[in-house]
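Peer 1: Before I ask anything, here is the structure I am working with.
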Amino acid sequence: MRDVTRLFVLLLTFLMGRAGGIEPSNGYCIGTQCFTVFHHASNFTAAQDRCIDRGGHLMTVQSSVSHDILFILLGNLTGRYWIGLHLATGCPDSAAELRGFQWVTEDSESDFFNWALGLDDSCSSQHCVSVSQEDDFQWIPEPCAEHLAGFLCEYRFSDPCKGLTAAQGESVTYRTPMGFVGEDVLSLPPGSTAIRMPAETKYICFTEQWLQAPWSCEIHEGGCEYRCAVNPKDRPTCFCPSGQTVNPTNNVTCEVMGADHPCVALHCAQACYKEGDSYACMCDHGFFKLAQDGMSCVDFNDCRDERQCPGENFMCVNVIGGFQCVCEDGYEARGGLCIEVDECASAPCEHICGNTPGSYKCSCYDGYKENPKAPNKCVLHCGEEECVAECDPNDRFQCYCPDGYLAEEREANTVCIDMDECSFLYCDQDCENTFGSYVCTCFPGYTLVGEFRCVKNGGGTDTNGGSEGSGEGTTPGVPTTSPAPRPDPTRRPSAVSAGGLVGIIVCTVFFILLVVFLAHRILNGRGKMESGGALKAAENEAHGLQRVTSDA
């Protein structure tokens, strides 16, 4: 049982590497090596990383045997595939054994060579090597950033198992920890599983021998079709969902349970198993023990065992019925290890990012400080009475100042001058101006409330002051009620230029002339109207006198 538990640790690398990853298109094992081909477009670096994540590296073709394996893996595939040969630094050397190239294992020697003819030996030549069925698997350098059709991985192991013997009418199918499936396999790495048909008997490879299922529940659920549990005698046992029972022939698959089966009457919450001639309830793997009723189970916090999830930067997460090993925050699983993530690669900081173990820290350039509302961003900061403004290099009039400062244009440049917020009467009582802000305080006997209001001790609001006690001072935000609204920081120079002053004078003179002109026209119109009215009256009067004379 201890040996099988060690197998679980051995398989951790493969299982974590394959979690959520791509599966190989084909594979082949010989001796203590396995080779896989992935039909997945990748550049050279990404291909090598994916092989490492699965516990291997890009394939090295250092012998004629390895070259023959290329025919097995790529014989029916088209396109170019990366192998683990590259020029790490410098220029190609035609006199060197591998032309200055080396394998990803940092080995510069080889018993086999298959370079294509007429290769470029200049320093501008390509640095990463690929092969293809169309070119008879010759070694041809490619741009390392090129996304080829796929890549080949290589894995090394010890204590392999030979293939199982199949009787007439039987077949055996194997699945390796690398993820490929096959029947005609000569050598298999530890952790490989086999299914013998038609009995559906399962086996797992461990230290050059095959163990029949059920094996340790930690590995592939013990080979059980449904679930695996440890019985009271500490032996792995398969169990099935309600209404089904374990096949007595292979001890792993499930079949329909008859109505008269002994487990039906037990009403087990999780599992029912046979021990000799009797049946009893047991708990799923990860549960501590049966409850007092003999049917239900009590969950056990597996993470209380400090031996769980060994390895640096791993942590244990308890779940119902078991536990999970995950990487701590700021780390990711690669090749069975928790590798630190460089959070700065995703540019989370506005200015400067410093990577730290499991995290990162943002900082700001000179003249800026951390934004208290968003620690990953920066805001302008002066800290003095006067600072040079931050101006657009293409437009010297487009300048910016920190909050609480006003911009003033001068001959050489634009500067930011601290604004006296106390002149706007934000505070109920006393106010102290600070660089970029202000602080409200209260007279003795009053308490500061809401950053700017002063409340008389003992209740009630009174802003007229007092002579007892003492108040507190804080740097307030913008008050919700104040004698005057707080102005936003000026973004353009506040001084009036000479041209602007001339424009104002001209506009004022023009306006005065316009008013005089309109007044003159109005007065003129009234005079004419009055003269016309008098003349009309005189004519009427004369006309009246003529009538009187004529009547007489």
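Labeling convention for the structure tokens: chains A, B, ... as they appear, residues from 1 per chain, ligands from 1 in order of appearance.
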Which residues in segment 98-323 of chain A does DSSP call strand (DSSP E)? List them as a PyMOL selection string.
Peer 2: chain A and resi 102-103+128-131+140-142+150-156+161-162+171-175+181-182+187-188+193-197+201-206+209-212+227-230+236-239+244-246+254-256+271-275+278-282+287-290+297-299+314-319+322-323
Peer 1: Set the distance at 6 Å and use only C-alpha atoms: which residues neighbour segment 378-382 of chain A once local chain neighbours fewer than 2 positions away are removed? I'd like the list as a ChimeraX atom specification.
Peer 2: /A:367-371,384,402
Peer 1: With C-alpha atoms retained, write the just-selected residues as a short mmCIF file (atom, residue, chain, number, x, y, z; two decimals), in the first residue's frame.
Peer 2:
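Done, and the output landed in result05.cif:
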```
data_model
loop_
_atom_site.label_atom_id
_atom_site.label_comp_id
_atom_site.auth_asym_id
_atom_site.auth_seq_id
_atom_site.Cartn_x
_atom_site.Cartn_y
_atom_site.Cartn_z
CA GLY A 367 6.60 64.21 -9.08
CA TYR A 368 3.82 61.65 -8.55
CA LYS A 369 2.43 59.68 -5.64
CA GLU A 370 0.21 56.62 -5.23
CA ASN A 371 -3.49 57.28 -5.81
CA GLU A 384 5.95 72.22 -1.66
CA PRO A 402 -1.71 68.55 -8.64
#
```
Peer 1: Need to verify the contact set: Tyr331 of chain A, 8 Å, only C-alpha atoms, exclusion of same-chain residues closer than 2 positions in sequence. Can you return it as a ChimeraX atom specification?
Peer 2: /A:313,327-329,333,338-341,358
Peer 1: Write the residues of the preceding selection, restricted to all heavy atoms, as a PDB file, in the first residue's frame.
Peer 2:
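The resulting file, result_14.pdb, is shown below:
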```
ATOM      1  N   ASN A 313       5.405  26.228  -1.937  1.00  0.00           N
ATOM      2  CA  ASN A 313       4.367  27.104  -2.499  1.00  0.00           C
ATOM      3  C   ASN A 313       3.067  26.373  -2.831  1.00  0.00           C
ATOM      4  O   ASN A 313       2.216  26.916  -3.528  1.00  0.00           O
ATOM      5  CB  ASN A 313       4.882  27.845  -3.737  1.00  0.00           C
ATOM      6  CG  ASN A 313       6.132  28.652  -3.441  1.00  0.00           C
ATOM      7  OD1 ASN A 313       6.225  29.298  -2.401  1.00  0.00           O
ATOM      8  ND2 ASN A 313       7.103  28.610  -4.339  1.00  0.00           N
ATOM      9  N   CYS A 327      -1.763  25.830  -6.011  1.00  0.00           N
ATOM     10  CA  CYS A 327      -0.649  26.746  -5.793  1.00  0.00           C
ATOM     11  C   CYS A 327      -1.127  27.968  -5.004  1.00  0.00           C
ATOM     12  O   CYS A 327      -2.269  28.404  -5.143  1.00  0.00           O
ATOM     13  CB  CYS A 327      -0.055  27.197  -7.125  1.00  0.00           C
ATOM     14  SG  CYS A 327       0.790  25.868  -8.019  1.00  0.00           S
ATOM     15  N   GLU A 328      -0.246  28.498  -4.184  1.00  0.00           N
ATOM     16  CA  GLU A 328      -0.564  29.710  -3.439  1.00  0.00           C
ATOM     17  C   GLU A 328      -0.767  30.879  -4.401  1.00  0.00           C
ATOM     18  O   GLU A 328      -0.350  30.820  -5.562  1.00  0.00           O
ATOM     19  CB  GLU A 328       0.572  30.028  -2.459  1.00  0.00           C
ATOM     20  CG  GLU A 328       0.748  28.978  -1.361  1.00  0.00           C
ATOM     21  CD  GLU A 328       1.938  29.276  -0.474  1.00  0.00           C
ATOM     22  OE1 GLU A 328       2.697  30.212  -0.804  1.00  0.00           O
ATOM     23  OE2 GLU A 328       2.120  28.580   0.537  1.00  0.00           O
ATOM     24  N   ASP A 329      -1.414  31.933  -3.912  1.00  0.00           N
ATOM     25  CA  ASP A 329      -1.641  33.113  -4.736  1.00  0.00           C
ATOM     26  C   ASP A 329      -0.312  33.647  -5.255  1.00  0.00           C
ATOM     27  O   ASP A 329       0.667  33.760  -4.502  1.00  0.00           O
ATOM     28  CB  ASP A 329      -2.348  34.203  -3.924  1.00  0.00           C
ATOM     29  CG  ASP A 329      -3.781  33.831  -3.597  1.00  0.00           C
ATOM     30  OD1 ASP A 329      -4.323  32.935  -4.277  1.00  0.00           O
ATOM     31  OD2 ASP A 329      -4.351  34.420  -2.659  1.00  0.00           O
ATOM     32  N   ALA A 333       0.948  26.316 -11.521  1.00  0.00           N
ATOM     33  CA  ALA A 333       1.480  24.963 -11.642  1.00  0.00           C
ATOM     34  C   ALA A 333       2.165  24.787 -12.986  1.00  0.00           C
ATOM     35  O   ALA A 333       1.587  25.055 -14.032  1.00  0.00           O
ATOM     36  CB  ALA A 333       0.340  23.950 -11.486  1.00  0.00           C
ATOM     37  N   CYS A 338       5.078  24.613  -8.262  1.00  0.00           N
ATOM     38  CA  CYS A 338       4.388  25.898  -8.241  1.00  0.00           C
ATOM     39  C   CYS A 338       5.423  26.977  -8.520  1.00  0.00           C
ATOM     40  O   CYS A 338       6.289  27.255  -7.690  1.00  0.00           O
ATOM     41  CB  CYS A 338       3.707  26.127  -6.887  1.00  0.00           C
ATOM     42  SG  CYS A 338       2.209  25.146  -6.662  1.00  0.00           S
ATOM     43  N   ILE A 339       5.342  27.544  -9.711  1.00  0.00           N
ATOM     44  CA  ILE A 339       6.325  28.528 -10.164  1.00  0.00           C
ATOM     45  C   ILE A 339       5.756  29.930  -9.962  1.00  0.00           C
ATOM     46  O   ILE A 339       4.583  30.182 -10.228  1.00  0.00           O
ATOM     47  CB  ILE A 339       6.666  28.315 -11.648  1.00  0.00           C
ATOM     48  CG1 ILE A 339       7.105  26.856 -11.876  1.00  0.00           C
ATOM     49  CG2 ILE A 339       7.751  29.273 -12.091  1.00  0.00           C
ATOM     50  CD1 ILE A 339       8.322  26.444 -11.097  1.00  0.00           C
ATOM     51  N   GLU A 340       6.609  30.824  -9.491  1.00  0.00           N
ATOM     52  CA  GLU A 340       6.163  32.198  -9.262  1.00  0.00           C
ATOM     53  C   GLU A 340       5.732  32.854 -10.568  1.00  0.00           C
ATOM     54  O   GLU A 340       6.399  32.720 -11.599  1.00  0.00           O
ATOM     55  CB  GLU A 340       7.277  33.023  -8.616  1.00  0.00           C
ATOM     56  CG  GLU A 340       6.850  34.446  -8.289  1.00  0.00           C
ATOM     57  CD  GLU A 340       7.993  35.301  -7.773  1.00  0.00           C
ATOM     58  OE1 GLU A 340       9.093  34.755  -7.561  1.00  0.00           O
ATOM     59  OE2 GLU A 340       7.787  36.512  -7.601  1.00  0.00           O
ATOM     60  N   VAL A 341       4.633  33.567 -10.512  1.00  0.00           N
ATOM     61  CA  VAL A 341       4.124  34.295 -11.670  1.00  0.00           C
ATOM     62  C   VAL A 341       4.684  35.712 -11.641  1.00  0.00           C
ATOM     63  O   VAL A 341       4.658  36.374 -10.605  1.00  0.00           O
ATOM     64  CB  VAL A 341       2.579  34.337 -11.654  1.00  0.00           C
ATOM     65  CG1 VAL A 341       2.056  35.158 -12.832  1.00  0.00           C
ATOM     66  CG2 VAL A 341       2.012  32.933 -11.700  1.00  0.00           C
ATOM     67  N   GLY A 358       5.236  35.940  -4.949  1.00  0.00           N
ATOM     68  CA  GLY A 358       3.800  35.726  -4.858  1.00  0.00           C
ATOM     69  C   GLY A 358       2.953  36.954  -5.086  1.00  0.00           C
ATOM     70  O   GLY A 358       1.731  36.888  -4.994  1.00  0.00           O
TER      71      GLY A 358
END
```
Peer 1: Mind giving me the straight-line distance from atom CA of Glu109 of chain A to atom CA of Gly150 of chain A in Å, one decimal?
Peer 2: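 Atom-to-atom, atom CA of Glu109 of chain A and atom CA of Gly150 of chain A are spaced 25.0 Å apart.
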Peer 1: Which residues are close to segment 168-183 of chain A, i.e. within 9 Å by only C-alpha atoms, leaving aside same-chain residues fewer than 4 positions away? Reply as a PDB file with C-alpha atoms, in the first residue's frame.
Peer 2:
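Dumped everything to out.pdb:
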```
ATOM      1  CA  LEU A  11       2.298  10.643 -11.216  1.00  0.00           C
ATOM      2  CA  PHE A  14       2.115  14.172 -15.311  1.00  0.00           C
ATOM      3  CA  LEU A  15      -1.367  14.731 -13.923  1.00  0.00           C
ATOM      4  CA  ARG A  18      -2.040  17.582 -18.297  1.00  0.00           C
ATOM      5  CA  GLU A  23      -3.799  15.917 -25.620  1.00  0.00           C
ATOM      6  CA  PRO A  24      -1.185  14.325 -27.910  1.00  0.00           C
ATOM      7  CA  SER A  25      -2.203  13.114 -31.357  1.00  0.00           C
ATOM      8  CA  ASN A  26       0.017  10.051 -31.150  1.00  0.00           C
ATOM      9  CA  GLY A  27       2.752   8.503 -29.031  1.00  0.00           C
ATOM     10  CA  TYR A  28       5.313   5.738 -28.856  1.00  0.00           C
ATOM     11  CA  CYS A  34       8.287   7.889 -24.549  1.00  0.00           C
ATOM     12  CA  PHE A  35       7.708  10.272 -27.446  1.00  0.00           C
ATOM     13  CA  THR A  36       4.525  12.175 -28.273  1.00  0.00           C
ATOM     14  CA  ARG A  54       4.093  17.589 -18.955  1.00  0.00           C
ATOM     15  CA  GLY A  55       7.369  16.510 -17.360  1.00  0.00           C
ATOM     16  CA  TYR A 155       9.962  11.824 -21.681  1.00  0.00           C
ATOM     17  CA  GLY A 163       3.003  -5.292 -22.327  1.00  0.00           C
ATOM     18  CA  LEU A 164       0.489  -7.759 -20.841  1.00  0.00           C
ATOM     19  CA  LEU A 188       5.165   1.489 -20.674  1.00  0.00           C
ATOM     20  CA  PRO A 189       6.082   4.031 -17.980  1.00  0.00           C
ATOM     21  CA  PRO A 190       4.893   3.727 -14.357  1.00  0.00           C
ATOM     22  CA  GLY A 191       1.354   4.999 -13.977  1.00  0.00           C
ATOM     23  CA  SER A 192       0.187   3.550 -17.283  1.00  0.00           C
ATOM     24  CA  THR A 193      -3.136   1.722 -17.115  1.00  0.00           C
ATOM     25  CA  ALA A 194      -4.356  -1.310 -19.044  1.00  0.00           C
ATOM     26  CA  ILE A 195      -7.850  -2.684 -19.682  1.00  0.00           C
ATOM     27  CA  ARG A 196      -8.216  -6.341 -20.640  1.00  0.00           C
ATOM     28  CA  MET A 197     -11.335  -7.004 -22.690  1.00  0.00           C
ATOM     29  CA  PRO A 198     -13.917  -8.456 -22.678  1.00  0.00           C
ATOM     30  CA  ALA A 199     -13.700  -8.962 -18.878  1.00  0.00           C
TER      31      ALA A 199
END
```
Peer 1: Counting only C-alpha atoms, which of A:Thr434, A:Ile522, A:Pro241, A:Ala412 gets nearest to Gly383 of chain A?
Peer 2: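 Of A:Thr434, A:Ile522, A:Pro241, A:Ala412, the one nearest Gly383 of chain A, counting only C-alpha atoms, is A:Thr434.
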Peer 1: My list of candidates is A:Ser66, A:Ser125, A:Thr253, A:Asn301. Which is closest to Thr89 of chain A when distances are computed with only C-alpha atoms?
Peer 2: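 Comparing A:Ser66, A:Ser125, A:Thr253, A:Asn301 against Thr89 of chain A, the winner is A:Ser125.
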Peer 1: Rounded to one decimal, what separation in Å do you get between atom CA of Glu200 of chain A and atom CA of Gln212 of chain A?
Peer 2: 11.2 Å
Peer 1: I'd like the neighbourhood of Cys263 of chain A as a PyMOL selection string, where a residue qualifies if any of its atoms comes within 10 Å (using only C-alpha atoms), though same-chain residues fewer than 3 positions away should be ignored.
Peer 2: chain A and resi 242-245+257-260+266-268+271-274+278-281
Peer 1: In Å, how far is it from atom CA of Met282 of chain A to atom CA of Pro310 of chain A?
Peer 2: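 Computing it gives 28.4 Å between the two atoms.
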Peer 1: Using only C-alpha atoms for the distances, tell me which of A:Cys161, A:Ala166, A:Leu518, A:Ile505 is nearest to Glu208 of chain A.
Peer 2: A:Cys161
Peer 1: Write out as a PyMOL selection string each polymer residue whose atoms come within 9 Å of Gly223 of chain A, counting only C-alpha atoms; drop sequence neighbours fewer than 2 positions from it.
Peer 2: chain A and resi 193+202-204+212-217+219-221+225-228+238+252
Peer 1: Please produce a file of those selected residues containing all heavy atoms, as a short mmCIF file (atom, residue, chain, number, x, y, z; two decimals), in the first residue's frame.
Peer 2:
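New file selection-v2.cif:
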```
data_model
loop_
_atom_site.label_atom_id
_atom_site.label_comp_id
_atom_site.auth_asym_id
_atom_site.auth_seq_id
_atom_site.Cartn_x
_atom_site.Cartn_y
_atom_site.Cartn_z
N THR A 193 -2.04 2.63 -17.45
CA THR A 193 -3.14 1.72 -17.11
C THR A 193 -3.44 0.82 -18.31
O THR A 193 -3.18 1.19 -19.46
CB THR A 193 -4.40 2.50 -16.72
OG1 THR A 193 -4.78 3.38 -17.77
CG2 THR A 193 -4.17 3.30 -15.45
N LYS A 202 -8.95 -4.19 -14.97
CA LYS A 202 -8.02 -3.07 -15.08
C LYS A 202 -6.74 -3.32 -14.30
O LYS A 202 -6.75 -3.98 -13.25
CB LYS A 202 -8.68 -1.78 -14.58
CG LYS A 202 -9.82 -1.29 -15.44
CD LYS A 202 -10.35 0.06 -14.94
CE LYS A 202 -11.48 0.57 -15.81
NZ LYS A 202 -12.00 1.88 -15.36
N TYR A 203 -5.64 -2.74 -14.82
CA TYR A 203 -4.33 -2.87 -14.19
C TYR A 203 -3.61 -1.52 -14.24
O TYR A 203 -3.92 -0.67 -15.07
CB TYR A 203 -3.46 -3.91 -14.92
CG TYR A 203 -4.09 -5.28 -15.04
CD1 TYR A 203 -4.96 -5.56 -16.10
CD2 TYR A 203 -3.80 -6.29 -14.12
CE1 TYR A 203 -5.54 -6.82 -16.22
CE2 TYR A 203 -4.38 -7.55 -14.25
CZ TYR A 203 -5.25 -7.80 -15.30
OH TYR A 203 -5.82 -9.05 -15.42
N ILE A 204 -2.63 -1.36 -13.33
CA ILE A 204 -1.78 -0.17 -13.36
C ILE A 204 -0.33 -0.61 -13.22
O ILE A 204 -0.01 -1.56 -12.49
CB ILE A 204 -2.15 0.83 -12.24
CG1 ILE A 204 -1.43 2.15 -12.44
CG2 ILE A 204 -1.85 0.26 -10.85
CD1 ILE A 204 -1.93 3.29 -11.56
N GLN A 212 -3.50 -5.23 -10.17
CA GLN A 212 -4.90 -5.28 -10.60
C GLN A 212 -5.75 -4.35 -9.74
O GLN A 212 -5.54 -4.20 -8.53
CB GLN A 212 -5.43 -6.72 -10.51
CG GLN A 212 -6.85 -6.87 -11.07
CD GLN A 212 -7.29 -8.32 -11.13
OE1 GLN A 212 -6.47 -9.24 -11.06
NE2 GLN A 212 -8.59 -8.54 -11.26
N ALA A 213 -6.73 -3.73 -10.37
CA ALA A 213 -7.65 -2.83 -9.65
C ALA A 213 -8.59 -3.63 -8.76
O ALA A 213 -8.86 -4.81 -9.03
CB ALA A 213 -8.46 -2.02 -10.66
N PRO A 214 -9.06 -3.03 -7.65
CA PRO A 214 -8.80 -1.64 -7.26
C PRO A 214 -7.46 -1.46 -6.56
O PRO A 214 -7.10 -2.24 -5.69
CB PRO A 214 -9.96 -1.31 -6.33
CG PRO A 214 -10.34 -2.63 -5.72
CD PRO A 214 -10.08 -3.66 -6.78
N TRP A 215 -6.74 -0.40 -6.97
CA TRP A 215 -5.49 -0.02 -6.31
C TRP A 215 -5.76 1.22 -5.44
O TRP A 215 -6.91 1.49 -5.12
CB TRP A 215 -4.40 0.23 -7.36
CG TRP A 215 -4.80 1.19 -8.44
CD1 TRP A 215 -4.91 2.54 -8.36
CD2 TRP A 215 -5.17 0.85 -9.78
NE1 TRP A 215 -5.31 3.08 -9.54
CE2 TRP A 215 -5.48 2.07 -10.46
CE3 TRP A 215 -5.29 -0.35 -10.50
CZ2 TRP A 215 -5.88 2.10 -11.79
CZ3 TRP A 215 -5.67 -0.30 -11.83
CH2 TRP A 215 -5.97 0.91 -12.46
N SER A 216 -4.74 1.99 -5.09
CA SER A 216 -4.91 3.15 -4.21
C SER A 216 -5.96 4.11 -4.77
O SER A 216 -5.94 4.46 -5.95
CB SER A 216 -3.58 3.89 -4.05
OG SER A 216 -3.78 5.12 -3.38
N CYS A 217 -6.87 4.52 -3.90
CA CYS A 217 -7.93 5.45 -4.32
C CYS A 217 -7.37 6.80 -4.75
O CYS A 217 -8.07 7.58 -5.41
CB CYS A 217 -8.93 5.66 -3.18
SG CYS A 217 -9.87 4.18 -2.73
N ILE A 219 -5.13 7.33 -6.92
CA ILE A 219 -4.69 7.29 -8.31
C ILE A 219 -5.84 6.83 -9.20
O ILE A 219 -6.30 5.69 -9.10
CB ILE A 219 -3.49 6.34 -8.49
CG1 ILE A 219 -2.36 6.74 -7.54
CG2 ILE A 219 -3.01 6.35 -9.94
CD1 ILE A 219 -1.24 5.74 -7.49
N HIS A 220 -6.31 7.75 -10.06
CA HIS A 220 -7.37 7.41 -11.01
C HIS A 220 -8.55 6.72 -10.34
O HIS A 220 -9.13 5.79 -10.89
CB HIS A 220 -6.84 6.54 -12.14
CG HIS A 220 -5.74 7.17 -12.94
ND1 HIS A 220 -5.82 8.44 -13.46
CD2 HIS A 220 -4.52 6.68 -13.31
CE1 HIS A 220 -4.70 8.71 -14.12
NE2 HIS A 220 -3.90 7.68 -14.04
N GLU A 221 -8.90 7.18 -9.14
CA GLU A 221 -10.05 6.62 -8.41
C GLU A 221 -9.94 5.11 -8.26
O GLU A 221 -10.93 4.37 -8.28
CB GLU A 221 -11.34 7.00 -9.14
CG GLU A 221 -12.59 7.01 -8.26
CD GLU A 221 -12.53 8.06 -7.16
OE1 GLU A 221 -12.21 9.23 -7.45
OE2 GLU A 221 -12.82 7.70 -6.01
N GLU A 225 -14.97 2.13 -11.80
CA GLU A 225 -15.83 2.79 -12.78
C GLU A 225 -16.54 3.99 -12.17
O GLU A 225 -16.70 5.03 -12.82
CB GLU A 225 -16.87 1.79 -13.31
CG GLU A 225 -17.84 2.40 -14.32
CD GLU A 225 -18.88 1.41 -14.78
OE1 GLU A 225 -18.65 0.18 -14.69
OE2 GLU A 225 -19.95 1.87 -15.22
N TYR A 226 -16.97 3.87 -10.90
CA TYR A 226 -17.71 4.96 -10.26
C TYR A 226 -16.85 5.66 -9.21
O TYR A 226 -16.33 6.74 -9.45
CB TYR A 226 -19.01 4.43 -9.65
CG TYR A 226 -19.83 5.50 -8.97
CD1 TYR A 226 -20.34 6.57 -9.70
CD2 TYR A 226 -20.09 5.45 -7.60
CE1 TYR A 226 -21.09 7.57 -9.08
CE2 TYR A 226 -20.84 6.44 -6.97
CZ TYR A 226 -21.34 7.49 -7.73
OH TYR A 226 -22.08 8.48 -7.11
N ARG A 227 -16.69 5.10 -8.04
CA ARG A 227 -15.90 5.70 -6.98
C ARG A 227 -15.13 4.64 -6.23
O ARG A 227 -15.44 3.44 -6.30
CB ARG A 227 -16.81 6.46 -6.00
CG ARG A 227 -17.55 7.63 -6.59
CD ARG A 227 -16.61 8.75 -7.03
NE ARG A 227 -15.83 9.28 -5.94
CZ ARG A 227 -16.24 10.26 -5.15
NH1 ARG A 227 -17.44 10.80 -5.32
NH2 ARG A 227 -15.47 10.72 -4.20
N CYS A 228 -14.09 5.13 -5.51
CA CYS A 228 -13.24 4.25 -4.71
C CYS A 228 -13.31 4.69 -3.25
O CYS A 228 -13.41 5.88 -2.96
CB CYS A 228 -11.81 4.32 -5.22
SG CYS A 228 -10.61 3.32 -4.29
N CYS A 238 -14.06 -0.70 -4.57
CA CYS A 238 -14.92 0.05 -5.48
C CYS A 238 -16.37 -0.01 -4.99
O CYS A 238 -16.79 -1.00 -4.39
CB CYS A 238 -14.84 -0.52 -6.90
SG CYS A 238 -13.23 -0.34 -7.68
N VAL A 252 -14.47 -3.76 -10.44
CA VAL A 252 -14.36 -2.33 -10.73
C VAL A 252 -15.59 -1.76 -11.44
O VAL A 252 -15.95 -0.61 -11.21
CB VAL A 252 -13.09 -2.00 -11.55
CG1 VAL A 252 -11.83 -2.23 -10.73
CG2 VAL A 252 -13.05 -2.80 -12.84
#
```
Peer 1: Could you pull out the helix (DSSP H, G or I) residues of segment 219-407 of chain A, going by DSSP on the backbone, and write them as a list in words?
Peer 2: His220, Glu221, Gly222, Gly223, Pro262, Cys263, Val264, Ala265, Leu266, Asp302, Cys303, Arg304, Glu343, Cys344, Ala345 and Ser346 of chain A
Peer 1: Out of A:Tyr405, A:Phe38, A:Phe424, A:Phe510, which residue has the shortest atom-to-atom distance to Gly436 of chain A when counting only C-alpha atoms?
Peer 2: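 For Gly436 of chain A, the nearest of the given residues is A:Tyr405.
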Peer 1: Using only C-alpha atoms, can you tell me which of A:Leu290, A:Leu77, A:Leu148, A:Val131 comes closest to Ser42 of chain A?
Peer 2: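 Ranked by minimum distance to Ser42 of chain A, first place goes to A:Leu148.
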